[in-house]
Amino acid sequence: MSFSPITGAAPTTIHTDATGLAHGEFQLPTFDGTITAYYAAPEGQMNRPVVLVIQEIFGLHEHVRDVCRRFAKEGYFAVAVNLLERQGDCSQYTDVPTLIKEIVSKAPDDQVMADLDASVAWAKAQGADTARLAVTGFCWGGRITWMYADHNPQVRAGAAWYGKLLVGHGPLQTRNPIDVPRTLKAPVLGLYGGLDASIPLEGVTQMQEALAQGNANARASEIVVYPESNHAFYSDYRASYNEADAKDAWRRALNWFAKHLG
């Protein structure tokens, strides 16, 4: 049984067709075997800039794949990896607390960073331009976006969508975005909902203050708060979707990447 937010399709669900794209699922080689991944890129074009698309807690489902196709339509080589696959099958869970307890909380950041590194290496082997590397992620992936922009000096820009800033999802996550402003390797655009109870505005303000005291990449980062949006306002397959804010945030993310990747 699939978790309810990804069962079926809401009236607002966007489907991006694959016309003009090379895309598909593949098995990504990692440090301990292979895990499932998906890519989308402009067909027949080499040396395209790379964007890593990091999932929500619900796994590598169709919305994440569609986001990859959206980036591919904009000229990017997009890769998304099932970063929780070792811990279990997210689609088998019917409630969020159990999913977080049994799968999400058991994925250490070191494992996630290594898998993202592997996806960069794979993209390079396919002819993509990893010298122009961006990372973006949603919910759980929003937190990981900040952490990967701190981890990998190849990253040139990040766009974090409503990811936790002050805490992680379990005891294995000992560092968090609030800890990275002095060592951040690339500027990050943070996109948050003013009505998001899971990420209180006090924490967003605390992160903004930390960025202002951080290194050059931290000071070049930017956080945008949408006062009328809740958590997951970009997730067009869910009731939380806010079309106007989603479109504005998407435009900002594209402009951010264009500015920093060239």
# chains A, B, ... in the order shown; residues from 1 in each chain; ligands from 1
>>> residues_around(residues="Tyr38 in chain A", least_positions_apart="4", cutoff="8 Å", atoms="only C-alpha atoms", output="ChimeraX atom specification")
/A:23-26,65,79-81
>>> write_last_selection(atoms="C-alpha atoms", output="short mmCIF file (atom, residue, chain, number, x, y, z; two decimals), in the first residue's frame")
data_model
loop_
_atom_site.label_atom_id
_atom_site.label_comp_id
_atom_site.auth_asym_id
_atom_site.auth_seq_id
_atom_site.Cartn_x
_atom_site.Cartn_y
_atom_site.Cartn_z
CA HIS A 23 15.43 9.63 -19.55
CA GLY A 24 14.89 6.50 -17.55
CA GLU A 25 15.54 4.45 -14.45
CA PHE A 26 18.97 2.90 -13.90
CA ARG A 65 10.94 11.99 -11.66
CA VAL A 79 19.64 12.90 -11.59
CA ALA A 80 17.55 11.64 -8.67
CA VAL A 81 18.60 8.72 -6.49
#
>>> residues_around(residues="range 177-185 of chain A", least_positions_apart="2", cutoff="7 Å", atoms="only C-alpha atoms", output="tab-separated table (two decimals) with C-alpha atoms, in the first residue's frame")
chain	number	residue	atom	x	y	z
A	143	ARG	CA	17.85	19.64	4.54
A	146	TRP	CA	22.20	22.41	2.59
A	147	MET	CA	24.36	19.53	3.82
A	149	ALA	CA	26.37	22.16	-0.51
A	150	ASP	CA	28.60	22.02	2.56
A	152	ASN	CA	31.04	18.83	-1.95
A	153	PRO	CA	33.26	21.70	-3.17
A	155	VAL	CA	28.68	22.27	-6.00
A	165	LEU	CA	17.23	23.85	9.44
A	166	LEU	CA	17.90	23.32	13.14
A	175	ARG	CA	25.02	18.24	12.05
A	207	MET	CA	19.29	30.51	9.92
A	210	ALA	CA	23.76	32.52	10.94
A	211	LEU	CA	24.20	32.96	7.18
A	214	GLY	CA	29.08	32.96	7.80
A	215	ASN	CA	31.58	32.73	4.96
A	217	ASN	CA	28.96	31.55	0.23
A	218	ALA	CA	26.73	31.82	3.27
>>> closest_residue(among="A:Pro227, A:Gly127, A:Pro29, A:Gly141", to="Leu195 in chain A", atoms="only C-alpha atoms")
A:Pro227
>>> closest_atom_pairs(of="range 31-51 of chain A", to="range 108-116 of chain A", cutoff="10 Å", atoms="only C-alpha atoms", output="Markdown table")
| residue | atom | partner | partner_atom | distance |
| --- | --- | --- | --- | --- |
| A:Phe31 | CA | A:Ala114 | CA | 7.5 |
| A:Asp32 | CA | A:Asp115 | CA | 9.8 |
| A:Thr34 | CA | A:Asp115 | CA | 9.6 |
| A:Ile35 | CA | A:Asp115 | CA | 8.8 |
>>> residues_around(residues="Asp89 in chain A", least_positions_apart="6", cutoff="9 Å", atoms="only C-alpha atoms", output="list in words")
Phe58, Gly59 and Ile103 of chain A
>>> write_last_selection(atoms="C-alpha atoms", output="PDB file, in the first residue's frame")
ATOM      1  CA  PHE A  58       8.390   9.265   0.294  1.00  0.00           C
ATOM      2  CA  GLY A  59      11.049   7.846  -2.022  1.00  0.00           C
ATOM      3  CA  ILE A 103      13.427   4.355   7.502  1.00  0.00           C
TER       4      ILE A 103
END
>>> atom_distance(atom1="CA of Leu21 in chain A", atom2="CA of Asp117 in chain A")
23.7 Å
>>> residues_around(residues="Leu191 in chain A", least_positions_apart="6", cutoff="8 Å", atoms="only C-alpha atoms", output="PyMOL selection string")
chain A and resi 159-162+223-226+249
>>> closest_residue(among="A:Ala157, A:Ile54, A:Leu133, A:Ala253", to="Asn82 in chain A", atoms="only C-alpha atoms")
A:Ile54
>>> residues_around(residues="Leu261 in chain A", least_positions_apart="5", cutoff="10 Å", atoms="only C-alpha atoms", output="ChimeraX atom specification")
/A:49-50,131-134,155-157,255-256
>>> closest_residue(among="A:Gln208, A:Asn230, A:Ser105, A:Gln213", to="Gly170 in chain A", atoms="only C-alpha atoms")
A:Ser105
>>> select_by_dssp(residues="range 30-235 of chain A", states="alpha helix (DSSP H)", output="MDAnalysis selection string")
chainID A and resid 62:73 96:102 109:125 140:151 201:212 216:220
>>> write_last_selection(atoms="C-alpha atoms", output="PDB file, in the first residue's frame")
ATOM      1  CA  GLU A  62       6.696   9.986  -9.946  1.00  0.00           C
ATOM      2  CA  HIS A  63       6.708  13.584  -8.731  1.00  0.00           C
ATOM      3  CA  VAL A  64      10.483  13.475  -8.205  1.00  0.00           C
ATOM      4  CA  ARG A  65      10.942  11.990 -11.665  1.00  0.00           C
ATOM      5  CA  ASP A  66       8.722  14.683 -13.119  1.00  0.00           C
ATOM      6  CA  VAL A  67      10.854  17.369 -11.489  1.00  0.00           C
ATOM      7  CA  CYS A  68      13.873  15.785 -13.203  1.00  0.00           C
ATOM      8  CA  ARG A  69      12.080  16.104 -16.547  1.00  0.00           C
ATOM      9  CA  ARG A  70      11.229  19.733 -15.777  1.00  0.00           C
ATOM     10  CA  PHE A  71      14.901  20.505 -15.251  1.00  0.00           C
ATOM     11  CA  ALA A  72      15.832  18.558 -18.386  1.00  0.00           C
ATOM     12  CA  LYS A  73      13.404  20.700 -20.388  1.00  0.00           C
ATOM     13  CA  VAL A  96       4.599   9.629   8.348  1.00  0.00           C
ATOM     14  CA  PRO A  97       5.757   9.015  11.961  1.00  0.00           C
ATOM     15  CA  THR A  98       6.346   5.313  11.313  1.00  0.00           C
ATOM     16  CA  LEU A  99       8.083   6.040   8.026  1.00  0.00           C
ATOM     17  CA  ILE A 100      10.431   8.501   9.736  1.00  0.00           C
ATOM     18  CA  LYS A 101      11.104   6.150  12.659  1.00  0.00           C
ATOM     19  CA  GLU A 102      11.742   2.999  10.639  1.00  0.00           C
ATOM     20  CA  ASP A 109      24.263  11.583   6.306  1.00  0.00           C
ATOM     21  CA  ASP A 110      27.588   9.969   5.375  1.00  0.00           C
ATOM     22  CA  GLN A 111      25.721   7.337   3.362  1.00  0.00           C
ATOM     23  CA  VAL A 112      23.587   9.962   1.642  1.00  0.00           C
ATOM     24  CA  MET A 113      26.591  12.157   0.795  1.00  0.00           C
ATOM     25  CA  ALA A 114      28.426   9.159  -0.678  1.00  0.00           C
ATOM     26  CA  ASP A 115      25.440   8.230  -2.850  1.00  0.00           C
ATOM     27  CA  LEU A 116      25.151  11.795  -4.127  1.00  0.00           C
ATOM     28  CA  ASP A 117      28.875  11.775  -4.894  1.00  0.00           C
ATOM     29  CA  ALA A 118      28.293   8.557  -6.843  1.00  0.00           C
ATOM     30  CA  SER A 119      25.509  10.188  -8.849  1.00  0.00           C
ATOM     31  CA  VAL A 120      27.845  13.057  -9.782  1.00  0.00           C
ATOM     32  CA  ALA A 121      30.462  10.557 -10.965  1.00  0.00           C
ATOM     33  CA  TRP A 122      27.819   8.711 -12.986  1.00  0.00           C
ATOM     34  CA  ALA A 123      26.613  11.939 -14.628  1.00  0.00           C
ATOM     35  CA  LYS A 124      30.195  12.811 -15.581  1.00  0.00           C
ATOM     36  CA  ALA A 125      30.641   9.366 -17.146  1.00  0.00           C
ATOM     37  CA  TRP A 140      13.957  15.796   3.765  1.00  0.00           C
ATOM     38  CA  GLY A 141      15.831  16.626   0.567  1.00  0.00           C
ATOM     39  CA  GLY A 142      15.770  20.314   1.443  1.00  0.00           C
ATOM     40  CA  ARG A 143      17.851  19.638   4.537  1.00  0.00           C
ATOM     41  CA  ILE A 144      20.152  17.387   2.514  1.00  0.00           C
ATOM     42  CA  THR A 145      20.608  20.182  -0.047  1.00  0.00           C
ATOM     43  CA  TRP A 146      22.202  22.408   2.588  1.00  0.00           C
ATOM     44  CA  MET A 147      24.357  19.527   3.817  1.00  0.00           C
ATOM     45  CA  TYR A 148      25.542  18.545   0.334  1.00  0.00           C
ATOM     46  CA  ALA A 149      26.365  22.162  -0.511  1.00  0.00           C
ATOM     47  CA  ASP A 150      28.603  22.018   2.559  1.00  0.00           C
ATOM     48  CA  HIS A 151      30.012  18.574   1.709  1.00  0.00           C
ATOM     49  CA  LEU A 201       9.709  31.048  11.305  1.00  0.00           C
ATOM     50  CA  GLU A 202      11.897  31.557  14.382  1.00  0.00           C
ATOM     51  CA  GLY A 203      14.193  28.864  13.016  1.00  0.00           C
ATOM     52  CA  VAL A 204      14.227  30.457   9.573  1.00  0.00           C
ATOM     53  CA  THR A 205      15.219  33.766  11.165  1.00  0.00           C
ATOM     54  CA  GLN A 206      17.940  32.016  13.144  1.00  0.00           C
ATOM     55  CA  MET A 207      19.293  30.511   9.924  1.00  0.00           C
ATOM     56  CA  GLN A 208      19.270  33.902   8.197  1.00  0.00           C
ATOM     57  CA  GLU A 209      21.250  35.377  11.079  1.00  0.00           C
ATOM     58  CA  ALA A 210      23.757  32.518  10.939  1.00  0.00           C
ATOM     59  CA  LEU A 211      24.196  32.964   7.181  1.00  0.00           C
ATOM     60  CA  ALA A 212      24.886  36.667   7.668  1.00  0.00           C
ATOM     61  CA  ALA A 216      31.215  34.330   1.533  1.00  0.00           C
ATOM     62  CA  ASN A 217      28.964  31.549   0.228  1.00  0.00           C
ATOM     63  CA  ALA A 218      26.734  31.820   3.274  1.00  0.00           C
ATOM     64  CA  ARG A 219      26.462  35.585   2.896  1.00  0.00           C
ATOM     65  CA  ALA A 220      25.622  35.109  -0.795  1.00  0.00           C
TER      66      ALA A 220
END
>>> atom_distance(atom1="CA of Tyr39 in chain A", atom2="CA of Tyr234 in chain A")
20.1 Å
>>> atom_distance(atom1="CA of Gly75 in chain A", atom2="CA of Gly44 in chain A")
11.4 Å
>>> residues_around(residues="Ser229 in chain A", least_positions_apart="5", cutoff="10 Å", atoms="only C-alpha atoms", output="VMD selection string")
chain A and resid 192 to 196 234 240 to 246
